[in-house]
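Enquirer: Before I ask anything, let me first share the structure, which is written out below as structure tokens.
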Amino acid sequence: MAHLLNTTFLPSSSSSSLRRHSTLCSPRPPARKTVIQAKIREIFMPALSSTMTEGKIVSWVKSEGDKLSKGESVVVVESDKADMDVETFYDGYLAAIMVEEGGVASVGSAIALLAETEDEIAEAKSKAGATSSSSHSTSSPSAPDSMPLAADSTPSPLPPVAKSPAMAASPVHPASEGGKRIVASPYAKKLAKELNVDLSSLVGSGPMGRIVAKDVEAAAAAGTASVAAEVAKPSGPKVVASPGIELGSVVPFTTMQSAVSRNMVESLAVPTFRVGYIITTDALDALYKKIKPKGVTMTALLAKATALALVQHPVVNSSCRDGKSFTYNSSINIAVAVAMDGGLITPVLQDADKVDIYSLSRKWKELVDKARVKQLQPHEYTTGTFTLSNLGMFGVDRFDAILPPGTGAIMAVGASQPTVVGTKDGRIGMENQMQVNVTADHRVIYGADLASFLQTLAKIIEEPKDLTL
């Protein structure tokens, strides 16, 4: 998605002002060739989503002095929910990097300078030095000239950047992209630094060989074991923390955790209420067992059932943002909560009521894979109109979920469990049942609305023939 922002241009200080020469009272001067002076543009931190207030530099795709072409990726930025390639709208040279890898900058602040010509690089460097007190600063004040950047609309592996001479001898492995740069998730890099693990020695298990947190943890555990074998010292009993956790330490929020924190605090301003309902799942379980070999997931089945119920109850799919009005959303987009390293994200199954269950399952797998490597595009996690949170897969029988800001309701799904029940003929029987609890915005949705919606949902799940149409 391309993010176009206001841009102003200033001539470099070496250029002279253009003056109009009067020909009325003086002889006409000799013809002079007009020279258009080059410009230095500021590259600023773009807003990659509506909730983003700051971004973290994951890696610079280009190095200082590199020539840039319009549409070329320049930097990889970690927003509140994803890593995104950001490209330039102008040709020129990357003259000065003002926020180094790992640094954080607020949206709209300067992160680098781009020179129009190679001759302007030295001047741009001096401007960068005057603007920032250190080349390793994690934030930079904004300046008059600015250059818009675009976030690449198609997710791609992080492109290679130049490595320092000290790393030139690192062995080549899948995550190094030909030995030019190590490709690892931001959390994996953070863990590696904390655990003193050399990323260049690891082979990533993530998509396209990317190093993920579990690779670092495994390497740290192996290293600890080898050290213990070499140096065996008697010691008293001591508490052992989980890999990567230092007990007693204070850990700052990641960008994603900060975004989750803001959203949770914002949700406290919304008056909510909760309604629970028990649904028999025998028929749904039988259907799932039948079509699971075709790639269908239980998440997709629940999302489809929820979407079909929302078609009949549009008020439950509505949202209130300003406290003065509410919107009947034109699409039914089911967001599903997914746990990630150091955070939570809600990939969205768009138009879930209109997509067949097989396509919906394939789309869900694609979204989860992209979420795990932080490659979701903003429209893939910010457009939900109703949210599902399923802890039933972990054996949790019931729980309440917090309403995400900007939506009308969220449904917490518990585990399906064998339950002793009384049959209609007065006998004792056994059924698989699950409890769902819906948290809703009481400014828009009322108790009767949720009760009616849950009755419809229960009917669809207990007679799931429509789910495969």
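Each chain of the structure tokens is named A, B, ... in the order shown, its residues numbered from 1; ligands are numbered from 1 in display order.
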If DSSP is run on the backbone, what residues of segment 214-354 of chain A are alpha helix (DSSP H)? A reply as a short mmCIF file (atom, residue, chain, number, x, y, z; two decimals) with all heavy atoms, in the first residue's frame would be ideal.
Expert:
```cif
data_model
loop_
_atom_site.label_atom_id
_atom_site.label_comp_id
_atom_site.auth_asym_id
_atom_site.auth_seq_id
_atom_site.Cartn_x
_atom_site.Cartn_y
_atom_site.Cartn_z
N LYS A 214 12.36 -19.59 18.19
CA LYS A 214 12.64 -20.95 18.69
C LYS A 214 14.01 -21.45 18.25
O LYS A 214 14.65 -22.26 18.94
CB LYS A 214 11.55 -21.92 18.23
CG LYS A 214 11.47 -22.15 16.74
CD LYS A 214 10.35 -23.14 16.42
CE LYS A 214 10.27 -23.40 14.91
NZ LYS A 214 9.18 -24.34 14.59
N ASP A 215 14.52 -20.96 17.10
CA ASP A 215 15.87 -21.34 16.66
C ASP A 215 16.92 -20.79 17.62
O ASP A 215 17.89 -21.47 17.95
CB ASP A 215 16.13 -20.81 15.25
CG ASP A 215 15.13 -21.35 14.23
OD1 ASP A 215 14.73 -22.51 14.37
OD2 ASP A 215 14.76 -20.60 13.31
N VAL A 216 16.71 -19.54 18.04
CA VAL A 216 17.65 -18.91 18.97
C VAL A 216 17.60 -19.61 20.33
O VAL A 216 18.64 -19.88 20.95
CB VAL A 216 17.32 -17.41 19.13
CG1 VAL A 216 18.27 -16.76 20.14
CG2 VAL A 216 17.43 -16.70 17.79
N GLU A 217 16.38 -19.90 20.80
CA GLU A 217 16.23 -20.57 22.10
C GLU A 217 16.89 -21.94 22.08
O GLU A 217 17.53 -22.36 23.06
CB GLU A 217 14.75 -20.68 22.44
CG GLU A 217 14.09 -19.34 22.72
CD GLU A 217 12.59 -19.43 22.85
OE1 GLU A 217 12.03 -20.51 22.57
OE2 GLU A 217 11.98 -18.42 23.23
N ALA A 218 16.72 -22.67 20.97
CA ALA A 218 17.33 -24.00 20.87
C ALA A 218 18.85 -23.91 20.89
O ALA A 218 19.53 -24.71 21.54
CB ALA A 218 16.86 -24.69 19.59
N ALA A 219 19.38 -22.91 20.18
CA ALA A 219 20.84 -22.73 20.16
C ALA A 219 21.36 -22.34 21.54
O ALA A 219 22.42 -22.81 21.97
CB ALA A 219 21.21 -21.65 19.14
N ALA A 220 20.61 -21.50 22.24
CA ALA A 220 21.02 -21.08 23.59
C ALA A 220 21.00 -22.26 24.54
O ALA A 220 21.90 -22.44 25.36
CB ALA A 220 20.10 -19.98 24.10
N ALA A 221 19.97 -23.10 24.42
CA ALA A 221 19.88 -24.27 25.29
C ALA A 221 21.01 -25.25 25.01
O ALA A 221 21.61 -25.83 25.92
CB ALA A 221 18.52 -24.96 25.08
N ALA A 222 21.34 -25.44 23.72
CA ALA A 222 22.44 -26.34 23.35
C ALA A 222 23.77 -25.80 23.87
O ALA A 222 24.61 -26.55 24.36
CB ALA A 222 22.48 -26.50 21.84
N GLY A 223 23.94 -24.47 23.76
CA GLY A 223 25.18 -23.87 24.25
C GLY A 223 25.33 -24.01 25.74
O GLY A 223 26.41 -24.29 26.26
N THR A 224 24.22 -23.83 26.47
CA THR A 224 24.25 -23.97 27.92
C THR A 224 24.61 -25.39 28.32
O THR A 224 25.36 -25.64 29.26
CB THR A 224 22.88 -23.59 28.51
OG1 THR A 224 22.58 -22.25 28.13
CG2 THR A 224 22.90 -23.70 30.03
N ALA A 225 24.03 -26.35 27.57
CA ALA A 225 24.29 -27.76 27.89
C ALA A 225 25.75 -28.11 27.67
O ALA A 225 26.36 -28.83 28.46
CB ALA A 225 23.39 -28.65 27.03
N SER A 226 26.35 -27.59 26.59
CA SER A 226 27.75 -27.91 26.30
C SER A 226 28.68 -27.29 27.34
O SER A 226 29.67 -27.90 27.75
CB SER A 226 28.12 -27.41 24.90
OG SER A 226 27.99 -26.01 24.83
N VAL A 227 28.37 -26.08 27.77
CA VAL A 227 29.18 -25.43 28.80
C VAL A 227 29.10 -26.20 30.11
O VAL A 227 30.09 -26.41 30.82
CB VAL A 227 28.72 -23.97 29.00
CG1 VAL A 227 29.42 -23.37 30.22
CG2 VAL A 227 29.05 -23.15 27.76
N ALA A 228 27.88 -26.66 30.43
CA ALA A 228 27.70 -27.41 31.67
C ALA A 228 28.47 -28.72 31.64
O ALA A 228 28.96 -29.20 32.66
CB ALA A 228 26.21 -27.67 31.90
N ALA A 229 28.57 -29.32 30.46
CA ALA A 229 29.29 -30.58 30.36
C ALA A 229 30.79 -30.37 30.52
O ALA A 229 31.50 -31.23 31.06
CB ALA A 229 29.00 -31.22 28.99
N GLU A 230 31.29 -29.24 30.05
CA GLU A 230 32.73 -28.96 30.13
C GLU A 230 33.14 -28.53 31.53
O GLU A 230 34.20 -28.90 32.02
CB GLU A 230 33.10 -27.86 29.13
CG GLU A 230 32.97 -28.29 27.68
CD GLU A 230 33.26 -27.15 26.73
OE1 GLU A 230 33.70 -26.09 27.22
OE2 GLU A 230 33.08 -27.32 25.52
N THR A 255 7.09 -3.07 20.00
CA THR A 255 6.17 -2.22 19.26
C THR A 255 4.77 -2.82 19.26
O THR A 255 3.78 -2.12 19.45
CB THR A 255 6.65 -2.03 17.81
OG1 THR A 255 8.00 -1.58 17.83
CG2 THR A 255 5.78 -1.03 17.07
N MET A 256 4.69 -4.13 19.07
CA MET A 256 3.38 -4.79 19.06
C MET A 256 2.73 -4.76 20.43
O MET A 256 1.53 -4.49 20.57
CB MET A 256 3.52 -6.24 18.58
CG MET A 256 2.20 -7.00 18.56
SD MET A 256 2.34 -8.69 17.95
CE MET A 256 2.67 -8.36 16.21
N GLN A 257 3.50 -5.01 21.49
CA GLN A 257 2.94 -4.98 22.84
C GLN A 257 2.43 -3.58 23.19
O GLN A 257 1.42 -3.44 23.88
CB GLN A 257 3.99 -5.45 23.84
CG GLN A 257 4.26 -6.95 23.79
CD GLN A 257 5.47 -7.35 24.62
OE1 GLN A 257 6.41 -6.59 24.78
NE2 GLN A 257 5.44 -8.56 25.15
N SER A 258 3.13 -2.57 22.73
CA SER A 258 2.69 -1.20 22.98
C SER A 258 1.34 -0.94 22.30
O SER A 258 0.46 -0.30 22.87
CB SER A 258 3.73 -0.20 22.46
OG SER A 258 4.95 -0.31 23.18
N ALA A 259 1.19 -1.45 21.07
CA ALA A 259 -0.07 -1.27 20.35
C ALA A 259 -1.21 -2.01 21.06
O ALA A 259 -2.31 -1.47 21.20
CB ALA A 259 0.07 -1.78 18.91
N VAL A 260 -0.93 -3.22 21.52
CA VAL A 260 -1.95 -3.98 22.25
C VAL A 260 -2.33 -3.25 23.53
O VAL A 260 -3.52 -3.15 23.89
CB VAL A 260 -1.44 -5.40 22.57
CG1 VAL A 260 -2.41 -6.13 23.50
CG2 VAL A 260 -1.26 -6.21 21.29
N SER A 261 -1.34 -2.72 24.23
CA SER A 261 -1.60 -2.00 25.48
C SER A 261 -2.50 -0.79 25.23
O SER A 261 -3.46 -0.56 25.97
CB SER A 261 -0.26 -1.54 26.10
OG SER A 261 -0.48 -0.76 27.25
N ARG A 262 -2.20 -0.02 24.19
CA ARG A 262 -3.03 1.15 23.88
C ARG A 262 -4.46 0.75 23.57
O ARG A 262 -5.42 1.37 24.02
CB ARG A 262 -2.44 1.92 22.68
CG ARG A 262 -1.16 2.67 22.99
CD ARG A 262 -0.84 3.66 21.87
NE ARG A 262 -0.71 3.00 20.58
CZ ARG A 262 0.45 2.51 20.11
NH1 ARG A 262 1.55 2.59 20.85
NH2 ARG A 262 0.49 1.94 18.93
N ASN A 263 -4.62 -0.31 22.79
CA ASN A 263 -5.97 -0.76 22.43
C ASN A 263 -6.75 -1.25 23.64
O ASN A 263 -7.96 -0.98 23.75
CB ASN A 263 -5.88 -1.88 21.38
CG ASN A 263 -5.47 -1.37 20.02
OD1 ASN A 263 -5.61 -0.19 19.72
ND2 ASN A 263 -4.97 -2.26 19.19
N MET A 264 -6.08 -1.94 24.53
CA MET A 264 -6.78 -2.46 25.71
C MET A 264 -7.23 -1.31 26.63
O MET A 264 -8.32 -1.34 27.19
CB MET A 264 -5.88 -3.43 26.47
CG MET A 264 -5.56 -4.72 25.71
SD MET A 264 -7.03 -5.67 25.22
CE MET A 264 -7.26 -5.11 23.51
N VAL A 265 -6.37 -0.31 26.79
CA VAL A 265 -6.74 0.85 27.61
C VAL A 265 -7.90 1.60 26.96
O VAL A 265 -8.85 2.03 27.63
CB VAL A 265 -5.53 1.77 27.81
CG1 VAL A 265 -5.96 3.07 28.49
CG2 VAL A 265 -4.46 1.08 28.65
N GLU A 266 -7.85 1.73 25.63
CA GLU A 266 -8.92 2.42 24.91
C GLU A 266 -10.25 1.69 25.06
O GLU A 266 -11.30 2.31 25.14
CB GLU A 266 -8.55 2.53 23.43
CG GLU A 266 -9.56 3.30 22.59
CD GLU A 266 -9.16 3.39 21.13
OE1 GLU A 266 -7.98 3.14 20.81
OE2 GLU A 266 -10.04 3.71 20.30
N SER A 267 -10.20 0.37 25.11
CA SER A 267 -11.44 -0.41 25.21
C SER A 267 -12.16 -0.19 26.54
O SER A 267 -13.37 -0.42 26.64
CB SER A 267 -11.14 -1.91 25.04
OG SER A 267 -10.43 -2.42 26.17
N ASP A 282 -22.02 -31.93 18.25
CA ASP A 282 -21.87 -33.27 17.67
C ASP A 282 -21.87 -33.22 16.14
O ASP A 282 -21.02 -33.83 15.48
CB ASP A 282 -22.99 -34.18 18.16
CG ASP A 282 -22.83 -34.55 19.64
OD1 ASP A 282 -21.68 -34.64 20.09
OD2 ASP A 282 -23.85 -34.71 20.33
N ALA A 283 -22.83 -32.52 15.56
CA ALA A 283 -22.94 -32.46 14.09
C ALA A 283 -21.76 -31.72 13.49
O ALA A 283 -21.23 -32.12 12.43
CB ALA A 283 -24.25 -31.80 13.70
N LEU A 284 -21.32 -30.64 14.14
CA LEU A 284 -20.17 -29.89 13.64
C LEU A 284 -18.90 -30.74 13.71
O LEU A 284 -18.08 -30.73 12.78
CB LEU A 284 -19.98 -28.61 14.46
CG LEU A 284 -18.84 -27.69 14.01
CD1 LEU A 284 -19.14 -27.09 12.64
CD2 LEU A 284 -18.59 -26.59 15.04
N ASP A 285 -18.73 -31.48 14.80
CA ASP A 285 -17.56 -32.34 14.94
C ASP A 285 -17.54 -33.42 13.87
O ASP A 285 -16.48 -33.74 13.31
CB ASP A 285 -17.55 -33.00 16.33
CG ASP A 285 -17.36 -32.00 17.45
OD1 ASP A 285 -16.83 -30.90 17.18
OD2 ASP A 285 -17.75 -32.30 18.60
N ALA A 286 -18.71 -33.97 13.55
CA ALA A 286 -18.79 -35.00 12.51
C ALA A 286 -18.46 -34.41 11.13
O ALA A 286 -17.74 -35.03 10.34
CB ALA A 286 -20.19 -35.62 12.50
N LEU A 287 -18.96 -33.21 10.87
CA LEU A 287 -18.65 -32.55 9.60
C LEU A 287 -17.17 -32.25 9.48
O LEU A 287 -16.55 -32.47 8.43
CB LEU A 287 -19.46 -31.26 9.48
CG LEU A 287 -19.18 -30.40 8.25
CD1 LEU A 287 -19.53 -31.14 6.97
CD2 LEU A 287 -19.93 -29.07 8.33
N TYR A 288 -16.58 -31.75 10.56
CA TYR A 288 -15.16 -31.43 10.56
C TYR A 288 -14.31 -32.67 10.29
O TYR A 288 -13.36 -32.63 9.50
CB TYR A 288 -14.78 -30.81 11.90
CG TYR A 288 -13.30 -30.52 12.06
CD1 TYR A 288 -12.62 -29.72 11.15
CD2 TYR A 288 -12.58 -31.06 13.12
CE1 TYR A 288 -11.28 -29.46 11.28
CE2 TYR A 288 -11.23 -30.79 13.27
CZ TYR A 288 -10.58 -30.00 12.34
OH TYR A 288 -9.24 -29.75 12.48
N LYS A 289 -14.68 -33.78 10.92
CA LYS A 289 -13.94 -35.03 10.72
C LYS A 289 -14.01 -35.48 9.26
O LYS A 289 -13.04 -36.01 8.70
CB LYS A 289 -14.50 -36.12 11.63
CG LYS A 289 -13.74 -37.44 11.58
CD LYS A 289 -14.31 -38.43 12.58
CE LYS A 289 -13.54 -39.75 12.52
NZ LYS A 289 -14.09 -40.75 13.49
N LYS A 290 -15.15 -35.21 8.62
CA LYS A 290 -15.36 -35.62 7.24
C LYS A 290 -14.57 -34.78 6.25
O LYS A 290 -14.01 -35.30 5.26
CB LYS A 290 -16.86 -35.54 6.92
CG LYS A 290 -17.22 -35.94 5.51
CD LYS A 290 -18.71 -35.83 5.29
CE LYS A 290 -19.09 -36.17 3.84
NZ LYS A 290 -20.57 -36.05 3.63
N ILE A 291 -14.50 -33.45 6.47
CA ILE A 291 -13.87 -32.57 5.48
C ILE A 291 -12.48 -32.09 5.88
O ILE A 291 -11.82 -31.38 5.11
CB ILE A 291 -14.78 -31.35 5.18
CG1 ILE A 291 -15.01 -30.52 6.44
CG2 ILE A 291 -16.09 -31.80 4.57
CD1 ILE A 291 -15.89 -29.29 6.21
N MET A 298 -11.04 -26.03 11.75
CA MET A 298 -12.14 -25.70 12.66
C MET A 298 -12.32 -24.19 12.77
O MET A 298 -13.44 -23.69 12.90
CB MET A 298 -11.89 -26.31 14.04
CG MET A 298 -13.00 -26.04 15.04
SD MET A 298 -14.65 -26.62 14.52
CE MET A 298 -14.48 -28.40 14.78
N THR A 299 -11.22 -23.45 12.70
CA THR A 299 -11.32 -21.98 12.75
C THR A 299 -12.16 -21.47 11.59
O THR A 299 -13.02 -20.59 11.76
CB THR A 299 -9.92 -21.35 12.69
OG1 THR A 299 -9.18 -21.73 13.86
CG2 THR A 299 -10.00 -19.83 12.63
N ALA A 300 -11.93 -22.01 10.39
CA ALA A 300 -12.71 -21.59 9.23
C ALA A 300 -14.18 -21.95 9.39
O ALA A 300 -15.07 -21.18 9.01
CB ALA A 300 -12.14 -22.22 7.96
N LEU A 301 -14.48 -23.13 9.96
CA LEU A 301 -15.87 -23.54 10.17
C LEU A 301 -16.56 -22.59 11.14
O LEU A 301 -17.71 -22.18 10.91
CB LEU A 301 -15.91 -24.98 10.70
CG LEU A 301 -15.72 -26.10 9.68
CD1 LEU A 301 -15.55 -27.44 10.38
CD2 LEU A 301 -16.88 -26.15 8.70
N LEU A 302 -15.88 -22.24 12.24
CA LEU A 302 -16.48 -21.33 13.22
C LEU A 302 -16.67 -19.94 12.62
O LEU A 302 -17.69 -19.28 12.88
CB LEU A 302 -15.60 -21.26 14.47
CG LEU A 302 -15.54 -22.53 15.34
CD1 LEU A 302 -14.49 -22.38 16.43
CD2 LEU A 302 -16.91 -22.83 15.95
N ALA A 303 -15.69 -19.49 11.84
CA ALA A 303 -15.81 -18.18 11.21
C ALA A 303 -16.96 -18.15 10.21
O ALA A 303 -17.72 -17.18 10.14
CB ALA A 303 -14.50 -17.81 10.51
N LYS A 304 -17.11 -19.23 9.45
CA LYS A 304 -18.19 -19.31 8.47
C LYS A 304 -19.54 -19.33 9.17
O LYS A 304 -20.48 -18.61 8.76
CB LYS A 304 -18.02 -20.57 7.63
CG LYS A 304 -19.07 -20.76 6.54
CD LYS A 304 -18.90 -19.76 5.43
CE LYS A 304 -19.84 -20.05 4.27
NZ LYS A 304 -19.69 -19.09 3.16
N ALA A 305 -19.68 -20.14 10.23
CA ALA A 305 -20.94 -20.21 10.97
C ALA A 305 -21.29 -18.85 11.57
O ALA A 305 -22.45 -18.40 11.52
CB ALA A 305 -20.84 -21.27 12.06
N THR A 306 -20.29 -18.17 12.13
CA THR A 306 -20.51 -16.85 12.72
C THR A 306 -20.96 -15.85 11.66
O THR A 306 -21.88 -15.05 11.88
CB THR A 306 -19.23 -16.36 13.40
OG1 THR A 306 -18.83 -17.30 14.41
CG2 THR A 306 -19.44 -15.01 14.05
N ALA A 307 -20.31 -15.89 10.51
CA ALA A 307 -20.64 -14.96 9.43
C ALA A 307 -22.08 -15.16 8.94
O ALA A 307 -22.81 -14.19 8.70
CB ALA A 307 -19.66 -15.11 8.28
N LEU A 308 -22.49 -16.43 8.79
CA LEU A 308 -23.85 -16.70 8.33
C LEU A 308 -24.88 -16.22 9.36
O LEU A 308 -25.97 -15.76 8.99
CB LEU A 308 -24.01 -18.20 8.07
CG LEU A 308 -23.21 -18.76 6.87
CD1 LEU A 308 -23.43 -20.26 6.73
CD2 LEU A 308 -23.57 -18.04 5.59
N ALA A 309 -24.55 -16.32 10.64
CA ALA A 309 -25.46 -15.83 11.69
C ALA A 309 -25.53 -14.30 11.66
O ALA A 309 -26.60 -13.72 11.85
CB ALA A 309 -25.00 -16.32 13.06
N LEU A 310 -24.39 -13.66 11.39
CA LEU A 310 -24.37 -12.20 11.35
C LEU A 310 -25.18 -11.64 10.18
O LEU A 310 -25.68 -10.51 10.26
CB LEU A 310 -22.92 -11.70 11.26
CG LEU A 310 -22.08 -11.87 12.53
CD1 LEU A 310 -20.62 -11.53 12.26
CD2 LEU A 310 -22.62 -11.00 13.66
N VAL A 311 -25.31 -12.42 9.11
CA VAL A 311 -26.14 -11.98 7.98
C VAL A 311 -27.56 -11.69 8.45
O VAL A 311 -28.20 -10.73 8.02
CB VAL A 311 -26.14 -13.04 6.86
CG1 VAL A 311 -27.18 -12.70 5.80
CG2 VAL A 311 -24.77 -13.17 6.23
N GLN A 312 -28.05 -12.50 9.39
CA GLN A 312 -29.41 -12.35 9.90
C GLN A 312 -29.50 -11.35 11.04
O GLN A 312 -30.61 -10.97 11.44
CB GLN A 312 -29.94 -13.71 10.35
CG GLN A 312 -29.94 -14.78 9.26
CD GLN A 312 -30.48 -16.11 9.75
OE1 GLN A 312 -31.50 -16.17 10.44
NE2 GLN A 312 -29.79 -17.19 9.41
#
```
Enquirer: Skip Ser106 of chain A itself and residues of its chain fewer than 2 positions away, then list as a PyMOL selection string all residues within 7 Å of it, counting only C-alpha atoms.
Expert: chain A and resi 45+53-55+104+108-109+139
Enquirer: If you take only C-alpha atoms and a cut-off of 8 Å, which residues of segment 25-129 of chain A touch segment 354-378 of chain A, and what are their nearest atom pairs and distances in Å to one decimal, in chain and number order, as a tab-separated table?
Expert:
```
residue	atom	partner	partner_atom	distance
A:Leu48	CA	A:Pro378	CA	7.1
A:Ser49	CA	A:Pro378	CA	5.8
A:Lys81	CA	A:Lys374	CA	6.9
A:Ala82	CA	A:Lys374	CA	4.3
A:Asp83	CA	A:Lys374	CA	5.3
A:Met84	CA	A:Gln375	CA	6.5
```
Enquirer: Atom CA of Pro347 of chain A and atom CA of Asn432 of chain A are how many Å apart?
Expert: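 Interatomic distance, atom CA of Pro347 of chain A to atom CA of Asn432 of chain A: 28.4 Å.
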Enquirer: Leaving out Ser416 of chain A and any residue of its chain fewer than 2 positions from it, which residues lie within 12 Å of it when counting only C-alpha atoms, given as a list of chain:residue names?
Expert: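 Counting only the stated atoms, we get A:Ile278, A:Ile279, A:Thr280, A:Thr281, A:Asp282, A:Ala283, A:Leu284, A:Asp285, A:Met298, A:Asn390, A:Leu391, A:Gly392, A:Met393, A:Phe394, A:Gly395, A:Val396, A:Asp397, A:Arg398, A:Val413, A:Gly414, A:Pro418, A:Thr419, A:Glu431, A:Asn432, A:Gln433, A:Met434, A:Gln435, A:Val436.
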Enquirer: Can you check which residues of segment 50-145 of chain A DSSP gives as strand (DSSP E or B) on the backbone and send them as a PyMOL selection string?
Expert: chain A and resi 54-60+67-68+73-78+83-88+92-97+104-106+110-115
Enquirer: Excluding segment 332-340 of chain A and its own-chain neighbours fewer than 5 positions away, which residues fall within 6 Å of it when counting only C-alpha atoms? Please give them as a VMD selection string.
Expert: chain A and resid 345 to 351 384 to 389
Enquirer: Generate a file of the selected residues that holds N, CA, C and O atoms, formatted as an mmCIF file, in the first residue's frame.
Expert:
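Okay, part.cif is ready:
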```cif
data_model
loop_
_atom_site.group_PDB
_atom_site.id
_atom_site.type_symbol
_atom_site.label_atom_id
_atom_site.label_comp_id
_atom_site.auth_asym_id
_atom_site.auth_seq_id
_atom_site.Cartn_x
_atom_site.Cartn_y
_atom_site.Cartn_z
ATOM 1 N N ILE A 345 -2.237 -10.679 17.306
ATOM 2 C CA ILE A 345 -2.713 -10.038 16.085
ATOM 3 C C ILE A 345 -3.998 -10.714 15.643
ATOM 4 O O ILE A 345 -4.253 -11.873 16.010
ATOM 5 N N THR A 346 -4.824 -9.996 14.886
ATOM 6 C CA THR A 346 -6.116 -10.537 14.474
ATOM 7 C C THR A 346 -6.245 -10.513 12.954
ATOM 8 O O THR A 346 -6.826 -9.588 12.389
ATOM 9 N N PRO A 347 -5.709 -11.522 12.252
ATOM 10 C CA PRO A 347 -5.903 -11.609 10.808
ATOM 11 C C PRO A 347 -7.395 -11.664 10.477
ATOM 12 O O PRO A 347 -8.189 -12.215 11.241
ATOM 13 N N VAL A 348 -7.759 -11.112 9.331
ATOM 14 C CA VAL A 348 -9.172 -10.955 8.980
ATOM 15 C C VAL A 348 -9.551 -11.816 7.780
ATOM 16 O O VAL A 348 -8.902 -11.758 6.725
ATOM 17 N N LEU A 349 -10.614 -12.596 7.948
ATOM 18 C CA LEU A 349 -11.223 -13.339 6.851
ATOM 19 C C LEU A 349 -12.323 -12.453 6.269
ATOM 20 O O LEU A 349 -13.420 -12.354 6.831
ATOM 21 N N GLN A 350 -12.028 -11.802 5.165
ATOM 22 C CA GLN A 350 -12.953 -10.828 4.601
ATOM 23 C C GLN A 350 -14.082 -11.505 3.833
ATOM 24 O O GLN A 350 -13.880 -12.520 3.167
ATOM 25 N N ASP A 351 -15.282 -10.930 3.969
ATOM 26 C CA ASP A 351 -16.484 -11.462 3.305
ATOM 27 C C ASP A 351 -16.656 -12.947 3.594
ATOM 28 O O ASP A 351 -16.916 -13.750 2.688
ATOM 29 N N GLY A 384 -11.452 -5.930 10.456
ATOM 30 C CA GLY A 384 -12.434 -6.831 11.061
ATOM 31 C C GLY A 384 -13.667 -6.090 11.565
ATOM 32 O O GLY A 384 -13.580 -4.979 12.080
ATOM 33 N N THR A 385 -14.834 -6.720 11.397
ATOM 34 C CA THR A 385 -16.090 -6.147 11.906
ATOM 35 C C THR A 385 -16.635 -6.949 13.083
ATOM 36 O O THR A 385 -17.502 -6.471 13.818
ATOM 37 N N PHE A 386 -16.151 -8.174 13.259
ATOM 38 C CA PHE A 386 -16.537 -9.042 14.378
ATOM 39 C C PHE A 386 -15.334 -9.924 14.661
ATOM 40 O O PHE A 386 -14.670 -10.390 13.737
ATOM 41 N N THR A 387 -15.045 -10.168 15.941
ATOM 42 C CA THR A 387 -13.822 -10.886 16.314
ATOM 43 C C THR A 387 -14.129 -12.201 17.011
ATOM 44 O O THR A 387 -15.049 -12.288 17.828
ATOM 45 N N LEU A 388 -13.338 -13.227 16.679
ATOM 46 C CA LEU A 388 -13.379 -14.517 17.364
ATOM 47 C C LEU A 388 -12.085 -14.718 18.139
ATOM 48 O O LEU A 388 -10.999 -14.407 17.644
ATOM 49 N N SER A 389 -12.203 -15.232 19.347
ATOM 50 C CA SER A 389 -11.030 -15.626 20.137
ATOM 51 C C SER A 389 -11.275 -17.038 20.618
ATOM 52 O O SER A 389 -12.206 -17.295 21.383
#
```
Enquirer: Fewer than 2 positions away in the same chain doesn't count, so skip those; otherwise give me all residues within 7 Å of Val315 of chain A, counting only C-alpha atoms, as a list in words.
Expert: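 That gives His313, Asn317, Ser318, Tyr328 and Ile445 of chain A.
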Enquirer: Counting only C-alpha atoms, what is within 9 Å of Ile97 of chain A, bar same-chain residues fewer than 4 positions away, as a list in words?
Expert: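 The filter keeps Trp60, Ser63, Glu64, Ile111, Ala112, Leu113, Lys125, Ala128 and Ser135 of chain A.
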Enquirer: In terms of the shortest atom-to-atom distance over only C-alpha atoms, which of A:Phe453, A:Phe44, A:Tyr277, A:Phe89 is closest to Pro314 of chain A?
Expert: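 Looking at the shortest contact to Pro314 of chain A, the residue is A:Phe453.
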